[in-house]
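Just below is one structure, and these are the notes that go with it.
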Amino acid sequence: MIRTFTKNHIILSLKMIVCTFLIFNVTGCWSRQEVDSISIVMGIGLDIAENSEQVRFTAQVFKPVEQKEGGREGGGGEVSFWNVESSGETVSSAVQSALHEAPRELYFSHNQIVIFGQNLAKNGILPHMDFFVREHSNRLTIQVLVAKNQAGEILATPAHLEKMPALDMRDLIEAQTEVSQSGTVNLKQIMTRLMSTTTAPIAPLIEVSEQGSEQTVRLSGTAVFKKDKLVGELDQRETRGMLWVLGEVRRGVIEVACPESGGKVALITILSKPKVVPVEEHGKVKIIIDVKEEGILGSQSCPENFSSPEKNKQLEEMKADAIHQEIRKAITKAQELNADIFGFGDAVHRKYPKLWKQLEQDWDTIFPDMEIDLAVETIVRNEGRASEPLTEE
Amino acid sequence: MIHFLKKIIQSRKMSKQVIDQGAASSSQALLSRQLAHNVERLMQVFGASNDIVLREFSFGHEGKMQGAVLYVEGLANKLLINESLIKPLMYDIHIFEGRLEVTTLEAVKSCMISLGGVEEATTLESVVDACLSGDAVLIIQGFEKALVLNTKGWEDRGVEEPKTESVVRGPREGFTENLRINTSLLRRKIKNPNLTLEPLKIGKKTKTDVCMMYLKGVVNPRLVEEIRRRLNRIDTDAIMESGYIEQFIEDAPHSIFPTVANSEKPDVVAAKILEGRAAIIVDGTPFVLTVPMLFIENFQSAEDYYSRPYFASLIRMLRFGCYGITILAPAIYVALTTFHQELIPTPLLFTLASSREGVPFPAMLEALVMLVAFEILREAGIRLPRPVGSAISIVGALIIGESAVAAGLIGAPMVIVVALTAVSSFVVPAQTDSESILRYIFLFLAGVMGGFGVAVGMLGLFIHLAGLRSFGAPYLSPLAPLSVHDQKDVFIRAPLWAMLTRPRAIGWRDPEREHFRLEPSPPDKGGKSSK
Amino acid sequence: MLMKIEKGTISSSQLLFLAAAFVQGAALVVAFAYVVTKHDVWIIIISGLAVTLPFLWGCVSLAKSFPGQNMVQIMESVYGTFLGKGLSILFISFPFQVISHNLRFIGDFFVIYMYPKTPLVVFLILFIAVCAWAVRSGIETIARIGLVTVAITIFIDVLTFFLLLGEMEATNFLPMFELSVGDFIQGTHIMFAIPYGELMIFLMIVPYVNKIKQAKSALLWGLTIGAATLLILVVRDIAALGSLANVLVAPSFEAVRLIDIAHVITRMELLVAIVLLITVFIKISVLYYASALGIAQIFGLRTYRPLVIPIAIFSVSFSMVIYDAAAEQMYVGANIWPVYSLLFYMLPVMTMLIAKFRRLPRAQEGVRP
Amino acid sequence: MIFLLLVFFAIVVWLEVPGLIRKKYWRELAVFSLFLLSTFFLSLLQLLDVRIPNPVKGIEYVIKDILRLNYK
């Protein structure tokens with residue numbers, strides 16, 4: 001027993017050694033890459049190249065700064081990114097040709113955002129999207145944006161808080177949950193929408209804005225796609241209208257006029273929950289949207305006191321009305337563009353799979369004239385710290 | 001080829017027989033009646049060694065009897081020999097004068113010698129052996145027998161606190177080099193007649209005393225049989241330390257994992273004997289072996305059982321974690337930075353990329369250099385005299401920690417990783433050899449294949465461990481052949497009153513360790529008496 | 001009577017975990033069913049289980065009526081030496097093929113997701129080397145690893161399930177039962193033929209269970225636990241990925257990539273890779289062990305150990321040639337293999353019927369009391 | 001590469017064969033040699049880029065084109 005055991009061990013250890021040596025010799029050093037031999041891509045911009053049909057590819061890469069003695073990094077004002085630009089027939093070939101310029105291989109695993117230029121988006125994003133699903137290092141959590149004009153321009157705008165514009169933009173998108181006025185999507189969401197036969201993809205719009213001498217980027221509304229082509233955009237109020245239906249309003253301010261005196265009341269949304277129910281009536285479908293919202297009173301510029309139950313009720317009604325209007329606007333816009341940004345088609349599909357088979361082909365004609373019932377219920381939970389408004393006595 | 005091998009083996013066997021026969025013919029000789037003849041032959045055996053003391057004297061009625069005392073200076077207690085052997089024979093014998101004729105060996109043995117252990121010896125070999133183990137031998141003219149007198153008494157180190165396993169709470173005594181003291185330390189812990197002691201002599205040249213101790217009734221008799229078989233197999237010149245024995249009896253000599261445990265603390269060994277293990281004590285070393293050994297024993301410290309269970313459990317888990325860190329940390333660092341950068345959080349990747357910038361070596365080489373440097377420092381620290389040792393560590397810390405980073409030879413994160421690895425390795429000291437070797441293997445795998453290599457290596461390690469046995473007990477015992485009851489002493493250390501049974505793989509002959517319902521509970525408070 | 005090659009025994013709980021890990025090893029293979037049944041995969045995971053349980057029950061009953069004999073020996077005593085050996089070769093060729101396919105799956109997975117520039121053969125060699133090591137160490141060693149594997153797998157699956165709760169949407173499962181009867185049958189068949197039915201190979205191992213009476217329930221429970229893990233996995237993936245799950249090669253890997261809790265608990269996909277690695281390792285080791293043991297018995301050898309390395313080399317060579325492209329693998333897995341494998345699944349059923357007809361186990365008991 | 005293959009197979013032989021001979025496992029040795037030889041030729045052919053008939057293709061052909069039992 002002991003002898004065989006011994007023998008086994010020799011055999012196996014030798015076998016392992018042989019295998020490793022074989023592996024060593026068979027090829028060089030395949031997927032090995034030191035951290036200092038890759039360019040860490042943080043953001044990608046895709047445009048249509050001028051004067052040609054090619055894709056212009058902009059990658060924002062991290063520029064490591066050598067650490068000085070004592071671990072202190074170089075001066076604070078130093079720019080630590082570099083935008084590599086290249087072009088090619090496809091995204092992949094553009095990535096390859098970026099190596100004519102960039103000395104280190106591009107590494108996409110830490111990519112945070114993808115920005116599509118407007119022209120490119122108008123021609124259709126699907127051909128370029130495939131790269132992000134197929135290439136192994138792209139994660140589905142990448143945020144997707146559409147630039148008002150050129151994506152490269154957006155990436156070139158200097159960052160103010162983070163080291164790199166791409167990181168700045170990622171944080172900007174995350175901060176959107178506080179205002180809920182742009183429909184942020186990541187790669188997974190936009191892919192899911194692209195794969196659906198009817199639901200229209202959306203993406204937040206981003207533009208460069210001049211603030212005095214400084215340039216900054218700002219999010220301004222939502223781009224709406226039909227299939228994979230950019231067809232229109234929603235402004236900020238319409239965007240929120242859409243987000244109410246999608247259930248993605250986390251925070252937000254709704255302003256309503258004071259009922260008795262001039263001035264405004266700002267109501268802050270805390271919670272919102274929509275319910276989208278398709279109903280079949282005589283072979284036609286109708287959508288019933290029921291939005292429930294809860295919030296608090298944020299501030300008011302009029303001297304009225306809303307702390308009585310009646311007044312509170314009034315406030316709630318006004319808020320419901322405002323939300324109602326926002327949603328209506330969004331619906332109207334979507335029906336104008338004939339883009340099912342709300343995913344009504346999928347809702348019908350889920351509830352009436354059989355009926356859907358007939359409707360699916362004609363959805364483009366059904367959707368613009370679809371009947372949509374809307375009900376909004378709101379609650380104003382409290383008036384904040386002050387029980388009464390500040391008034392001059 | 002095989003024929004050839006057979007021939008070699010045969011010839012070897014034959015030559016061995018010849019040697020054995022030769023040895024037998026020279027030392028198996030019986031003593032003769034002639035004192036002079038005996039003395040002459042003995043002196044021939046010992047040669048010119050000047051630590052052999054031969055004292056010839058005459059005693060008895062009118063000094064009629066001739067005798068000789070033979071002992072080794074330094075091994076035997078000189079004072080005892082003078083007081084209890086030579087003095088009674090030469091002076092006190094006169095008290096009996098007229099009343100008793102002290103003429104037979106029996107009479108000398110029963111009336112004259114005031115010593116505890118007296119035996120008779122008939123062969124030259126046994127006389128020589130006795131002399132060399134510290135006994136005095138009395139040979140008297142006219143008798144074919146010699147008296148072997150237990151006068152062992154050499155300088156010993158006292159019972160001190162062991163250096164290797166220090167505890168905050170727990171007994172401070174440790175084994176010494178003396179076999180008898182060691183067995184007595186154990187006897188004092190376990191006052192039970194079932195504590196059996198089986199003496200053996202191993203080593204053709206050194207004749208080292210080895211002793212197996214176990215608790216009859218608890219220990220598996222097949223285990224004792226197996227140990228006896230393996231100990232008797234040992235046919236070697238010398239046993240210098242229990243490590244010699246270990247290498248001859250272990251189950252997996254080619255494994256980097258020890259399958260025989262050792263300890264310097266009587267309380268640890270006693271606890272293991274009580275669990276159903278057997279201890280092997282070797283004369284001349286404070287390290288006592290215990291078998292069978294399980295992998296988790298590396299993570300169990302004596303103090304776990306002396307302190308309260310909660311913190312002990314936490315520390316137990318920490319030790320497992322540290323073992324993982326010490327074998328895997330450099331490998332994982334290398335795998336992450338050279339293969340799987342996508343798994344590093346983005347801000348950390350920026351830091352790493354910045355610190356790697358300008359470092360001339362690939363990460364694997366960097367790690368290798370640092371690990372080797374650490375081993376060098378440790379070895380130097382152990383070997384050097386204590387005052388110099390601390391200087392080494394300062395120099396090492398300065399060179400590696402500060403200068404190498406400042407000079408841009410090594411990235412700062414690597415220093416942190418290696419430091420963590422090094423510190424963690426001291427948490428599980430029993431596995432030092434496997435730790436340092438596995439670390440390099442995993443580093444190599446990580447450098448070649450990244451995470452896949454490390455995972456395959458872990459699988460291999462696990463297969464190896466799961467296949468090991470130590471004296472019949474599966475090495476990964478309470479884990480790999482799962483035993484739910486024994487989980488009380490693996491990752492957590494359950495309260496003593498909850499550990500009702502001995503480990504299944506070891507002490508299952510007498511499973512009950514204690515009565516259940518021993519959980520202490522205070523008497524009810526608040527009026528209602530417990531009666 | 002053949003001499004017993006394997007001297008070790010395993011306990012019935014070890015058998016249970018071994019079977020569970022074996023089924024869990026199919027986490028990648030479920031992708032075949034995704035193509036057919038889309039977001040209703042979870043239904044066929046359950047229906048496949050319902051079909052497999054009686055089949056497996058029959059298999060173990062067969063093993064129990066011939067105590068101490070594995071499938072090769074059973075077939076020899078049922079069909080006689082000559083025909084029995086022929087059918088045994090057919091039976092053993094099944095695990096032999098499945099090893100190569102699984103080896104290829106796991107190799108492709110690592111190449112696609114983590115090591116795009118590394119040649120496939122490297123993974124195959126390293127992986128089979130570890131499996132060979134395990135197989136040479138014997139069934140006891142493999143069985144000891146089983147429990148740890150199952151524990152780690154379930155832990156990681158459940159952990160990632162909870163971490164992904166934020167990404168999940170129940171609407172991804174709607175509309176339910178949106179699959180045709182044909183697709184449902186095909187899906188169930190795939191589940192039966194690829195992950196579940198392969199448990200048939202435990203007929204080679206059941207004789208080494210120390211308490212044969214518990215073997216049946218152990219195996220059936222093992223299958224159920226394994227299927228439950230697959231169910232957790234599939235529910236997690238569909239809920240988190242929605243329709244994307246149908247187009248991705250390894251949905252479970254992609255789903256875990258989505259985990260991002262406050263940018264801190266994120267990038268955990270290595271966990272999935274590790275789980276895949278160890279469960280596939282168990283699966284391949286069991287199949288590997290069964291084929292080595294079976295071949296040794298067919299040739300009447302006293303030990304199976306010398307066969308281990310040749311089988312390893314053979315598997316690597318074979319898995320290099322079986323597919324030209326991953327697409328072919330998908331097609332064969334979903335459409336051809338389930339039908340083809342019926343040839344092998346027929347064997348225990350047929351043996352059982354013939355044994356019943358010839359009243360074999362009883363007759364043998366009469367001969368040897 | 002062929003050299004490496006030879007070395008590998010030589011090592012396998014060196015590791016396995018002496019043990020088998022010592023125990024006088026002739027039958028085992030025969031089966032082992034049979035398997036090892038066939039795998040050696042198989043891998044040699046693969047190294048030399050000879051197209052080895054793909055058994056899966058054969059199965060596909062039988063099931064799909066002859067028996068027409070496939071699903072899609």
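Just remember, in the structure tokens the first chain shown is A, the second B, etc., residues are 1-based per chain, and ligands are 1-based in the order shown.
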**Message:** With DSSP run on the backbone, what are the strand (DSSP E) residues within range 196-297 of chain C? I'd like them as an NGL selection string.
**Reply:** :C and (260-261 or 265-266)
Residues as selected, C-alpha atoms, written as a PDB file, in the first residue's frame, can you do that?
```
ATOM      1  CA  ASP C 260     -22.339  46.228  -8.958  1.00  0.00           C
ATOM      2  CA  ILE C 261     -23.259  47.275  -5.475  1.00  0.00           C
ATOM      3  CA  ILE C 265     -19.087  44.532  -4.463  1.00  0.00           C
ATOM      4  CA  THR C 266     -18.459  44.154  -8.131  1.00  0.00           C
TER       5      THR C 266
END
```
**Request:** Do me a favour and pick out the residues of chain D within 12 Å of chain B, using only C-alpha atoms, as a PyMOL selection string.
**Result:** chain D and resi 18-19+21-24
**Message:** Just want the 9 Å neighbourhood of range 237-240 of chain A, counted on only C-alpha atoms, with same-chain residues fewer than 4 positions away dropped. Output as a list in words.
**Reply:**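 The residues satisfying every condition are Val179, Ser180, Gln181, Ser182, Gly183, Gly221, Thr222, Glu233, Trp244, Val245, Glu248, Val249, Gly252, Ile323, Glu326, Ile327, Arg328, Lys329, Ala330, Ile331 and Lys333 of chain A.
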**Message:** List the spatial neighbours of range 48-53 of chain D as an MDAnalysis selection string - criterion: any atom at most 10 Å away, only C-alpha atoms, same-chain residues fewer than 3 positions off excluded.
**Reply:** (chainID C and resid 317:318 321:322) or (chainID D and resid 1:2 42:45 56:58)
**Request:** Considering only C-alpha atoms, return as an MDAnalysis selection string whatever protein or nucleic-acid residues lie within 9 Å of Ile115 in chain A, sequence-local ones (same chain, fewer than 4 positions apart) excluded.
**Result:** chainID A and resid 43:47 143:147 150:152 154:155 206
**Request:** Using CA of Tyr475 in chain B and CA of Leu294 in chain B as the two end points, give the distance in Å to one decimal.
**Result:**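 About the pair CA of Tyr475 in chain B and CA of Leu294 in chain B: they are 4.8 Å apart.
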**For range 307-322 of chain A: contacts at 12 Å, only C-alpha atoms, fewer than 2 positions along chain excluded, given as a VMD selection string** = chain A and resid 237 to 238 240 to 241 244 253 to 260 264 to 269 272 290 to 297 300 304 to 305 324 to 329 374 to 389
**Message:** Give me, as JSON, numbers by chain, all polymer residues having an atom no more than 9 Å from Asp346 in chain A, counting only C-alpha atoms and skipping those fewer than 3 positions away in the same chain.
**Reply:** {"A": [196, 197, 198, 199, 342, 343, 349, 350, 351, 356]}
**Message:** Show me, as a PyMOL selection string, the residues of chain C whose atoms get within 10 Å of chain A, using only C-alpha atoms for the distance check.
**Reply:** chain C and resi 111-119+121-123+125-126+129-130+132-134+136-137+171-178+240-245+247-249+254-255+257-260+267+305+309
**Test item: chain D residues at most 12 Å from chain A, counting only C-alpha atoms, as a list in words** =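 That gives Met1, Ile2, Phe3, Leu4, Leu5, Leu6, Val7, Phe8, Phe9, Ala10, Ile11, Val12, Val13, Trp14, Leu15, Glu16, Val17, Pro18, Gly19, Leu20, Arg22, Lys23 and Leu47 of chain D for chain D.
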**Residue with smallest distance to chain C - pool B:Phe339, B:Ala498, B:Val423, B:Ala446, counting only C-alpha atoms** = B:Phe339
Would you give me, as CSV, each residue of chain B having an atom within 7 Å of an atom of chain A, along with its shortest atom pair and that distance in Å to one decimal, using only C-alpha atoms and sorting by chain and residue number?
```
residue,atom,partner,partner_atom,distance
B:Asp251,CA,A:Ile2,CA,6.8
B:Ala252,CA,A:Thr6,CA,6.7
B:His254,CA,A:Thr6,CA,6.6
B:Thr337,CA,A:Val35,CA,5.8
B:Thr338,CA,A:Glu34,CA,4.5
B:Phe339,CA,A:Arg32,CA,5.4
B:Glu342,CA,A:Ser109,CA,5.0
B:Thr346,CA,A:His110,CA,6.4
B:Ala353,CA,A:Val35,CA,5.6
B:Ser354,CA,A:Pro64,CA,4.7
B:Ser355,CA,A:Gln67,CA,5.9
B:Arg356,CA,A:Asp36,CA,6.2
B:Glu357,CA,A:Glu66,CA,5.4
B:Gly358,CA,A:Glu66,CA,6.7
B:Pro362,CA,A:Glu34,CA,6.8
B:Ala406,CA,A:Glu69,CA,5.3
```
**Asked** By how many Å are CA of Ala193 in chain C and CA of Ser88 in chain C apart?
**Response** 19.2 Å
Using only C-alpha atoms, what does the table of chain C residues within 8 Å of chain D look like, with each row giving the shortest atom pair and its distance in Å to one decimal, sorted by chain and ascending number, as CSV?
```
residue,atom,partner,partner_atom,distance
C:Gln186,CA,D:Tyr71,CA,7.1
C:Phe299,CA,D:Val31,CA,7.6
C:Leu301,CA,D:Glu28,CA,5.7
C:Arg302,CA,D:Glu28,CA,7.4
C:Thr303,CA,D:Glu28,CA,7.5
C:Pro306,CA,D:Phe32,CA,6.1
C:Leu307,CA,D:Phe32,CA,5.9
C:Ile309,CA,D:Val12,CA,7.7
C:Pro310,CA,D:Leu36,CA,5.3
C:Ile311,CA,D:Phe35,CA,7.8
C:Ile313,CA,D:Thr39,CA,6.4
C:Phe314,CA,D:Thr39,CA,5.5
C:Ser317,CA,D:Ser43,CA,6.1
C:Val321,CA,D:Asn54,CA,6.2
C:Ile322,CA,D:Asn54,CA,5.8
C:Tyr323,CA,D:Val56,CA,7.7
C:Val332,CA,D:Glu60,CA,7.4
C:Ala334,CA,D:Tyr71,CA,8.0
C:Asn335,CA,D:Tyr71,CA,5.0
C:Ile336,CA,D:Asn70,CA,5.4
C:Val339,CA,D:Asn70,CA,6.7
C:Tyr340,CA,D:Ile63,CA,7.1
```
**Request:** Would you kindly report the residues of chain B within 10 Å of chain C, using only C-alpha atoms, as a PyMOL selection string?
**Result:** chain B and resi 339-340+342-347+449-468+474+476-477+479-482
Once you have the residues from the selection above, write them out as a compact mmCIF listing (two decimals), in the first residue's frame, restricted to C-alpha atoms.
```
# COMPACT_ATOMS: atom_id res chain seq x y z
CA PHE B 339 -4.15 38.35 -16.60
CA HIS B 340 -7.33 39.58 -15.02
CA GLU B 342 -10.86 43.36 -15.35
CA LEU B 343 -11.36 41.99 -11.87
CA ILE B 344 -9.53 44.83 -10.16
CA PRO B 345 -11.78 47.69 -9.10
CA THR B 346 -11.18 50.66 -11.38
CA PRO B 347 -9.68 53.11 -8.86
CA MET B 449 -1.85 30.66 -16.61
CA GLY B 450 -3.35 33.30 -14.36
CA GLY B 451 -6.50 32.50 -12.45
CA PHE B 452 -7.03 29.27 -14.32
CA GLY B 453 -3.61 28.11 -13.24
CA VAL B 454 -4.28 29.01 -9.62
CA ALA B 455 -7.67 27.27 -9.67
CA VAL B 456 -6.19 24.15 -11.24
CA GLY B 457 -3.42 24.26 -8.67
CA MET B 458 -5.97 24.50 -5.89
CA LEU B 459 -7.82 21.53 -7.31
CA GLY B 460 -4.60 19.59 -7.49
CA LEU B 461 -3.76 20.54 -3.93
CA PHE B 462 -7.17 19.44 -2.83
CA ILE B 463 -6.89 16.11 -4.65
CA HIS B 464 -3.53 15.57 -3.04
CA LEU B 465 -4.79 16.39 0.44
CA ALA B 466 -7.94 14.33 0.00
CA GLY B 467 -5.86 11.36 -1.07
CA LEU B 468 -3.46 11.54 1.88
CA PRO B 474 -7.98 10.46 6.12
CA LEU B 476 -8.67 16.04 5.63
CA SER B 477 -10.75 14.05 8.02
CA LEU B 479 -13.95 17.92 6.29
CA ALA B 480 -13.47 15.68 3.34
CA PRO B 481 -15.05 12.52 4.53
CA LEU B 482 -17.54 14.75 6.26
```
